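File shown: entry.cif. Contents: mmCIF, C-alpha atoms.
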```
data_upload
#
loop_
_atom_site.label_atom_id
_atom_site.label_comp_id
_atom_site.auth_asym_id
_atom_site.auth_seq_id
_atom_site.Cartn_x
_atom_site.Cartn_y
_atom_site.Cartn_z
CA MET A 1364 -4.39 17.89 -35.27
CA ARG A 1365 -0.73 18.09 -34.27
CA ARG A 1366 -1.13 21.79 -33.47
CA LYS A 1367 -4.15 21.11 -31.25
CA PHE A 1368 -2.27 18.36 -29.44
CA LYS A 1369 0.64 20.74 -28.74
CA ILE A 1370 -1.82 23.25 -27.30
CA TYR A 1371 -3.42 20.79 -24.90
CA LYS A 1372 -0.35 18.67 -24.11
CA PRO A 1373 0.50 20.81 -21.02
CA PHE A 1374 -2.90 19.85 -19.55
CA ILE A 1375 -2.02 16.14 -19.93
CA ASN A 1376 1.26 16.81 -18.11
CA ALA A 1377 -0.61 18.76 -15.43
CA GLY A 1378 -3.01 15.86 -14.85
CA LEU A 1379 -0.14 13.37 -14.63
CA GLN A 1380 1.79 15.61 -12.23
CA GLU A 1381 -1.31 16.03 -10.06
CA ALA A 1382 -1.76 12.25 -9.84
CA THR A 1383 1.90 11.66 -8.96
CA THR A 1384 2.21 14.62 -6.58
CA TYR A 1385 -0.85 13.65 -4.55
CA ARG A 1386 -0.16 9.94 -4.86
CA VAL A 1387 -1.12 9.18 -1.25
CA ASN A 1388 -4.57 10.62 -1.93
CA TRP A 1389 -4.75 8.53 -5.14
CA VAL A 1390 -3.73 5.40 -3.23
CA PHE A 1391 -6.36 5.91 -0.51
CA LEU A 1392 -9.11 6.58 -3.05
CA THR A 1393 -8.14 3.39 -4.90
CA LEU A 1394 -8.05 1.38 -1.68
CA CYS A 1395 -11.50 2.71 -0.80
CA ASN A 1396 -12.82 1.44 -4.15
CA VAL A 1397 -11.08 -1.91 -3.65
CA LEU A 1398 -12.70 -2.25 -0.22
CA ALA A 1399 -16.12 -1.49 -1.70
CA CYS A 1400 -15.44 -4.13 -4.36
CA PHE A 1401 -14.71 -6.82 -1.76
CA VAL A 1402 -17.75 -5.80 0.31
CA SER A 1403 -19.86 -6.32 -2.82
CA TYR A 1404 -18.24 -9.72 -3.35
CA PHE A 1405 -19.10 -10.95 0.16
CA ILE A 1406 -22.66 -9.63 -0.11
CA TRP A 1407 -23.25 -11.54 -3.35
CA LYS A 1408 -21.59 -14.62 -1.90
CA ALA A 1409 -24.07 -14.51 1.00
CA VAL A 1410 -26.95 -14.04 -1.46
CA PHE A 1411 -25.96 -17.12 -3.49
CA LEU A 1412 -25.41 -19.23 -0.37
CA SER A 1413 -28.79 -18.27 1.07
CA SER A 1414 -30.55 -18.95 -2.25
CA GLY A 1415 -29.38 -22.57 -2.34
CA SER A 1416 -29.02 -22.33 -6.12
CA ASP A 1417 -25.93 -22.33 -8.34
CA THR A 1418 -27.49 -19.88 -10.79
CA MET A 1419 -29.44 -16.67 -10.25
CA ASN A 1420 -30.95 -14.73 -13.16
CA GLY A 1421 -28.39 -16.14 -15.58
CA PHE A 1422 -25.38 -15.58 -13.30
CA THR A 1423 -23.36 -18.23 -11.50
CA MET A 1424 -21.26 -17.21 -8.51
CA PRO A 1425 -17.99 -17.41 -10.53
CA GLN A 1426 -19.57 -15.18 -13.19
CA MET A 1427 -20.69 -12.76 -10.49
CA VAL A 1428 -17.14 -12.58 -9.12
CA VAL A 1429 -15.83 -11.69 -12.59
CA TYR A 1430 -18.69 -9.18 -13.01
CA ILE A 1431 -17.87 -7.45 -9.70
CA PHE A 1432 -14.17 -7.00 -10.45
CA LEU A 1433 -14.75 -5.97 -14.06
CA MET A 1434 -17.23 -3.36 -12.80
CA PHE A 1435 -14.54 -2.10 -10.44
CA LEU A 1436 -11.98 -1.86 -13.26
CA THR A 1437 -14.43 -0.25 -15.68
CA SER A 1438 -15.48 2.32 -13.09
CA LEU A 1439 -11.82 3.33 -12.65
CA LEU A 1440 -11.26 3.61 -16.39
CA ILE A 1441 -14.33 5.73 -17.14
CA SER A 1442 -14.39 7.86 -13.98
CA SER A 1443 -14.62 11.61 -14.53
CA GLY A 1444 -14.44 14.43 -11.99
CA GLY A 1445 -15.74 17.22 -14.23
CA THR A 1446 -18.77 17.95 -12.07
CA TYR A 1447 -16.73 18.43 -8.88
CA ASP A 1448 -13.99 20.45 -10.62
CA ILE A 1449 -16.41 22.87 -12.27
CA GLY A 1450 -18.27 23.37 -9.00
CA GLU A 1451 -15.05 24.10 -7.12
CA GLU A 1452 -13.76 26.52 -9.76
CA ILE A 1453 -17.02 28.47 -9.67
CA ARG A 1454 -16.98 28.50 -5.88
CA ASP A 1455 -13.42 29.84 -5.57
CA GLY A 1456 -13.40 31.98 -8.72
CA SER A 1457 -10.55 30.19 -10.50
CA ILE A 1458 -12.86 29.48 -13.43
CA ALA A 1459 -12.03 32.98 -14.67
CA MET A 1460 -8.50 31.82 -15.55
CA ARG A 1461 -9.84 29.12 -17.87
CA MET A 1462 -12.43 31.39 -19.46
CA ILE A 1463 -9.93 34.07 -20.51
CA LYS A 1464 -7.73 31.57 -22.37
CA PRO A 1465 -8.33 31.16 -26.15
CA ILE A 1466 -8.92 27.41 -25.83
CA SER A 1467 -11.87 25.08 -25.39
CA TYR A 1468 -13.12 24.98 -21.80
CA ASN A 1469 -14.25 21.35 -22.12
CA ALA A 1470 -11.01 20.23 -23.77
CA THR A 1471 -8.89 21.53 -20.88
CA PHE A 1472 -10.74 19.20 -18.49
CA LEU A 1473 -10.63 16.31 -20.96
CA PHE A 1474 -6.86 16.40 -21.47
CA GLN A 1475 -6.16 17.01 -17.79
CA GLU A 1476 -8.19 13.91 -16.91
CA LEU A 1477 -6.33 11.91 -19.55
CA GLY A 1478 -3.15 12.71 -17.64
CA ASN A 1479 -4.70 11.24 -14.49
CA LYS A 1480 -5.84 8.17 -16.44
CA ILE A 1481 -2.27 7.37 -17.53
CA MET A 1482 -1.32 6.54 -13.93
CA THR A 1483 -4.43 4.41 -13.43
CA VAL A 1484 -3.86 2.46 -16.63
CA CYS A 1485 -0.15 1.90 -16.01
CA ILE A 1486 -0.53 0.72 -12.40
CA LEU A 1487 -3.91 -1.01 -12.12
CA VAL A 1488 -5.25 -2.29 -15.45
CA LEU A 1489 -2.75 -5.07 -16.16
CA PRO A 1490 -2.79 -6.63 -12.64
CA ILE A 1491 -6.61 -6.59 -12.49
CA ILE A 1492 -7.01 -8.09 -15.97
CA ILE A 1493 -4.48 -10.83 -15.12
CA GLY A 1494 -6.32 -11.53 -11.85
CA VAL A 1495 -9.70 -11.71 -13.60
CA GLU A 1496 -8.36 -14.07 -16.28
CA ILE A 1497 -6.74 -16.33 -13.68
CA CYS A 1498 -10.10 -16.53 -11.86
CA ARG A 1499 -11.96 -17.31 -15.10
CA THR A 1500 -9.43 -20.01 -15.98
CA ILE A 1501 -9.71 -21.61 -12.52
CA PHE A 1502 -13.51 -21.48 -12.57
CA THR A 1503 -13.92 -22.94 -16.08
CA GLY A 1504 -10.80 -25.10 -16.38
CA ALA A 1505 -9.82 -23.45 -19.67
CA ILE A 1506 -8.30 -20.14 -20.81
CA GLN A 1507 -11.13 -17.69 -21.48
CA PHE A 1508 -9.15 -14.64 -22.65
CA ASN A 1509 -10.31 -13.38 -26.06
CA ILE A 1510 -8.14 -10.71 -27.68
CA ILE A 1511 -10.97 -9.47 -29.92
CA GLY A 1512 -13.31 -9.24 -26.94
CA PHE A 1513 -10.64 -7.36 -24.98
CA ILE A 1514 -10.10 -4.85 -27.82
CA LEU A 1515 -13.86 -4.30 -28.10
CA TYR A 1516 -14.00 -3.85 -24.32
CA ILE A 1517 -11.31 -1.15 -24.44
CA LEU A 1518 -13.08 0.59 -27.34
CA SER A 1519 -16.36 0.43 -25.45
CA CYS A 1520 -14.64 1.88 -22.36
CA ILE A 1521 -13.41 4.82 -24.45
CA PHE A 1522 -16.97 5.55 -25.59
CA ALA A 1523 -18.18 5.08 -22.01
CA TYR A 1524 -15.60 7.53 -20.70
CA LEU A 1525 -16.62 10.16 -23.27
CA ILE A 1526 -20.29 9.74 -22.31
CA ASN A 1527 -19.40 10.09 -18.63
CA PHE A 1528 -17.12 13.05 -19.26
CA PHE A 1529 -19.62 15.09 -21.27
CA PHE A 1530 -22.49 14.12 -18.96
CA ASN A 1531 -20.51 15.33 -15.94
CA ILE A 1532 -19.61 18.53 -17.76
CA CYS A 1533 -23.30 19.13 -18.50
CA PHE A 1534 -24.24 18.40 -14.89
CA GLY A 1535 -21.40 20.61 -13.65
CA PHE A 1536 -22.82 23.60 -15.49
CA ILE A 1537 -25.68 23.56 -12.95
CA ALA A 1538 -23.14 25.16 -10.59
CA PHE A 1539 -23.38 28.34 -12.68
CA VAL A 1540 -26.90 28.66 -11.24
CA ILE A 1541 -26.95 26.94 -7.82
CA LYS A 1542 -23.29 27.82 -6.99
CA TYR A 1543 -22.40 24.68 -4.99
CA LEU A 1544 -22.70 21.09 -6.21
CA TRP A 1545 -21.44 18.81 -3.43
CA GLY A 1546 -24.86 17.49 -2.37
CA ALA A 1547 -26.24 17.30 -5.92
CA ASN A 1548 -23.09 15.49 -7.06
CA MET A 1549 -23.44 12.88 -4.29
CA MET A 1550 -27.05 12.22 -5.30
CA LYS A 1551 -26.07 11.97 -8.96
CA ASN A 1552 -23.32 9.42 -8.21
CA CYS A 1553 -25.72 7.23 -6.21
CA LEU A 1554 -28.32 7.24 -9.00
CA ILE A 1555 -25.76 6.50 -11.71
CA GLY A 1556 -24.30 3.66 -9.64
CA PHE A 1557 -27.71 1.97 -9.76
CA LEU A 1558 -28.68 2.93 -13.31
CA SER A 1559 -25.32 1.82 -14.76
CA GLY A 1560 -25.51 -1.71 -13.34
CA SER A 1561 -22.71 -1.20 -10.81
CA VAL A 1562 -24.91 -2.11 -7.86
CA ILE A 1563 -26.94 -4.94 -9.39
CA PRO A 1564 -26.96 -6.56 -12.86
CA PHE A 1565 -29.96 -5.56 -14.96
CA SER A 1566 -30.97 -9.20 -15.38
CA PHE A 1567 -32.08 -9.14 -11.72
CA LEU A 1568 -34.64 -6.42 -12.51
CA PRO A 1569 -38.15 -6.88 -13.97
CA ASP A 1570 -38.07 -7.29 -17.76
CA ILE A 1571 -39.65 -3.92 -18.51
CA LEU A 1572 -37.15 -2.08 -16.29
CA GLU A 1573 -34.24 -4.00 -17.81
CA LYS A 1574 -35.26 -2.99 -21.33
CA ILE A 1575 -35.68 0.66 -20.32
CA PHE A 1576 -32.38 0.82 -18.40
CA LEU A 1577 -30.45 -0.74 -21.30
CA LEU A 1578 -31.51 2.12 -23.57
CA LEU A 1579 -30.57 4.86 -21.10
CA PRO A 1580 -27.10 6.42 -21.40
CA PHE A 1581 -26.04 5.12 -17.98
CA ALA A 1582 -26.08 1.46 -19.09
CA SER A 1583 -23.47 2.46 -21.68
CA LEU A 1584 -21.11 3.51 -18.89
CA ASN A 1585 -20.41 0.25 -17.06
CA TYR A 1586 -22.83 -2.46 -18.09
CA THR A 1587 -22.13 -2.50 -21.84
CA PRO A 1588 -18.29 -2.79 -21.59
CA VAL A 1589 -18.54 -5.51 -18.92
CA MET A 1590 -21.08 -7.55 -20.89
CA ILE A 1591 -18.82 -7.36 -23.95
CA TYR A 1592 -15.75 -8.49 -22.01
CA MET A 1593 -17.62 -11.40 -20.40
CA GLY A 1594 -18.83 -12.57 -23.82
CA ILE A 1595 -22.51 -12.19 -22.92
CA TYR A 1596 -22.98 -9.76 -25.81
CA SER A 1597 -21.97 -10.97 -29.24
CA GLY A 1598 -22.54 -10.18 -32.92
CA PHE A 1599 -25.47 -7.84 -33.49
CA GLU A 1600 -25.79 -7.00 -29.78
CA ILE A 1601 -22.23 -5.63 -29.69
CA LEU A 1602 -22.87 -3.49 -32.78
CA PHE A 1603 -26.18 -2.24 -31.39
CA TYR A 1604 -24.96 -1.32 -27.91
CA MET A 1605 -21.69 0.22 -29.10
CA GLY A 1606 -23.69 2.18 -31.68
CA LEU A 1607 -25.89 3.33 -28.81
CA GLN A 1608 -22.75 4.48 -26.98
CA VAL A 1609 -21.68 6.56 -29.99
CA PHE A 1610 -25.19 8.05 -30.14
CA TRP A 1611 -25.02 9.15 -26.48
CA VAL A 1612 -21.50 10.57 -26.95
CA VAL A 1613 -22.79 12.82 -29.75
CA ILE A 1614 -25.89 13.81 -27.75
CA PHE A 1615 -23.97 14.84 -24.62
CA TRP A 1616 -21.19 16.51 -26.62
CA GLY A 1617 -23.75 18.69 -28.39
CA LEU A 1618 -25.62 19.32 -25.14
CA SER A 1619 -22.40 20.42 -23.41
CA LYS A 1620 -21.77 22.97 -26.17
CA MET A 1621 -25.30 24.35 -25.89
CA LEU A 1622 -25.32 24.47 -22.09
CA TRP A 1623 -21.93 26.21 -22.02
CA HIS A 1624 -23.32 29.17 -23.98
CA ILE A 1625 -26.38 29.31 -21.72
CA ALA A 1626 -24.53 28.80 -18.42
CA THR A 1627 -21.90 31.51 -18.94
CA LYS A 1628 -24.67 34.11 -18.96
CA HIS A 1629 -25.44 33.17 -15.34
CA LEU A 1630 -21.86 33.11 -14.00
CA CYS A 1631 -21.48 34.56 -10.54
CA VAL A 1632 -18.41 33.29 -8.63
CA GLN A 1633 -18.23 33.40 -4.84
CA GLY A 1634 -14.47 33.86 -4.48
CA GLY A 1635 -11.38 35.06 -6.30
#
```

What is this structure when it is put down as structure tokens?
Amino acid sequence: MRRKFKIYKPFINAGLQEATTYRVNWVFLTLCNVLACFVSYFIWKAVFLSSGSDTMNGFTMPQMVVYIFLMFLTSLLISSGGTYDIGEEIRDGSIAMRMIKPISYNATFLFQELGNKIMTVCILVLPIIIGVEICRTIFTGAIQFNIIGFILYILSCIFAYLINFFFNICFGFIAFVIKYLWGANMMKNCLIGFLSGSVIPFSFLPDILEKIFLLLPFASLNYTPVMIYMGIYSGFEILFYMGLQVFWVVIFWGLSKMLWHIATKHLCVQGG
């Protein structure tokens, strides 16, 4: 294990250096996500005001505020750019440099992204969590923070990130065939945003759709960690949905291995 870590440690450093070198780009991307978060807040505020009710489908407005900002935080923690990176490397030919190295192709992306995540965790996680807990305390009149719930949330986010990472790797391998993924990647992100509960909580959907969506891998990305943090899931539900996350991690990990062997037979770069 120590030997493997030494092999891939340079990729962690490379990811961290990339995040710090292009920090203006990182800041603008983060601000863009923050703006989208506040737009979502004002939309839901208008929805609740127009409904004339304090509760909608099991959510109060204070709960919806917490939901929105936790979705924002979770999306940052589990984000993965594997699809875009693979597409770009195939387009410009730089994928050849990764393929000739005696190391795992998937692992190089994984450890490089972990380097990027270090900056996100160090700068954003603590302020957002503190802000969310202050809001929950103001709304309820009592401290709501639960250390066990927070630990389970972090563990669930780790599983969610691995699902997202391997899914994006699998999707990225499509570039071996169609050569350019920008449009397909945009469509994929829009669909996942809806299917993961980022756009609208599943409780607002018809019962049959809610049950189906909860079993799909995309609910394990955002919805499951947020529900655990908010205390909506408890006991058996936490075990079931985190077990489902582990199941999807294994499925997409195995699928990424299989697709890698198939995709490399169709490699045809356009540059380099």

Could you produce a table of the residues of region 1489-1542 of chain A lying within 8 Å of region 1464-1485 of chain A, with the nearest pair of atoms per residue and their separation in Å rounded to one decimal, using all atoms listed in the file, ordered by chain and increasing residue number, as a Markdown table?
```
| residue | atom | partner | partner_atom | distance |
| --- | --- | --- | --- | --- |
| A:Leu1489 | CA | A:Cys1485 | CA | 7.4 |
| A:Phe1528 | CA | A:Leu1473 | CA | 7.5 |
| A:Ile1532 | CA | A:Asn1469 | CA | 7.5 |
```

(Q) Could you tell me how far CA of Val1562 (chain A) sits from CA of Thr1503 (chain A), in Å to one decimal place? (A)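 Distance between the two atoms: 24.9 Å.
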
* Asked: With distances taken over all atoms listed in the file, which of A:Gly1378, A:Val1428, A:Ile1406, A:Ile1571 is nearest to Ile1497 (chain A)?
  ->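 Closest candidate: A:Val1428.
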
Across A:Cys1520, A:Ile1511, A:Cys1533, A:Ile1370, the smallest distance to Ile1449 (chain A), with all atoms listed in the file counted, is shown by A:Cys1533

Q | Picked residues, the PyMOL selection byres ((chain A and resi 1592-1608) around 7), as a PyMOL selection string | A | chain A and resi 1512-1513+1516+1519+1522-1523+1583+1587-1591+1609-1612

Please write the residues picked by the PyMOL selection byres ((chain A and resi 1493) around 12) on this file as an mmCIF file with C-alpha atoms, in the frame of the given file.
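To be explicit, this is the file written out as selection-v3.cif:
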```cif
data_model
loop_
_atom_site.group_PDB
_atom_site.id
_atom_site.type_symbol
_atom_site.label_atom_id
_atom_site.label_comp_id
_atom_site.auth_asym_id
_atom_site.auth_seq_id
_atom_site.Cartn_x
_atom_site.Cartn_y
_atom_site.Cartn_z
ATOM 1 C CA VAL A 1429 -15.830 -11.690 -12.590
ATOM 2 C CA PHE A 1432 -14.170 -7.000 -10.450
ATOM 3 C CA LEU A 1433 -14.750 -5.970 -14.060
ATOM 4 C CA LEU A 1436 -11.980 -1.860 -13.260
ATOM 5 C CA LEU A 1487 -3.910 -1.010 -12.120
ATOM 6 C CA VAL A 1488 -5.250 -2.290 -15.450
ATOM 7 C CA LEU A 1489 -2.750 -5.070 -16.160
ATOM 8 C CA PRO A 1490 -2.790 -6.630 -12.640
ATOM 9 C CA ILE A 1491 -6.610 -6.590 -12.490
ATOM 10 C CA ILE A 1492 -7.010 -8.090 -15.970
ATOM 11 C CA GLY A 1494 -6.320 -11.530 -11.850
ATOM 12 C CA VAL A 1495 -9.700 -11.710 -13.600
ATOM 13 C CA GLU A 1496 -8.360 -14.070 -16.280
ATOM 14 C CA ILE A 1497 -6.740 -16.330 -13.680
ATOM 15 C CA CYS A 1498 -10.100 -16.530 -11.860
ATOM 16 C CA ARG A 1499 -11.960 -17.310 -15.100
ATOM 17 C CA THR A 1500 -9.430 -20.010 -15.980
ATOM 18 C CA ILE A 1506 -8.300 -20.140 -20.810
ATOM 19 C CA GLN A 1507 -11.130 -17.690 -21.480
ATOM 20 C CA PHE A 1508 -9.150 -14.640 -22.650
#
```

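Nearest residue to Phe1401 (chain A), choosing from A:Ile1431, A:Glu1573, A:Met1549, A:Ala1377 and counting only C-alpha atoms: A:Ile1431.
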
Q. Mind telling me what the PyMOL selection byres ((chain A and resi 1443) around 7) catches here, as a list in words?
A. Ile1441, Ser1442, Gly1444, Gly1445, Asn1527 and Phe1528 of chain A

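Here CA of Gln1380 (chain A) and CA of Asp1448 (chain A) stand 16.6 Å from one another.
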
- Please indicate the distance in Å from CA of Ile1537 (chain A) to CA of Trp1616 (chain A), rounded to one decimal place.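 Computed distance, CA of Ile1537 (chain A) to CA of Trp1616 (chain A), equals 16.0 Å.
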
Notebook entry, point to check: Which is closer to Thr1423 (chain A) than all the others in A:Asn1548, A:Phe1502, A:Val1402, A:Ile1625, using only C-alpha atoms?
Noted result: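 The answer is A:Phe1502, which sits nearest to Thr1423 (chain A).
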
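When all atoms listed in the file are used to measure the gap to Leu1440 (chain A), the shortest distance among A:Phe1411, A:Ile1521, A:Met1427, A:Gly1556 belongs to A:Ile1521.
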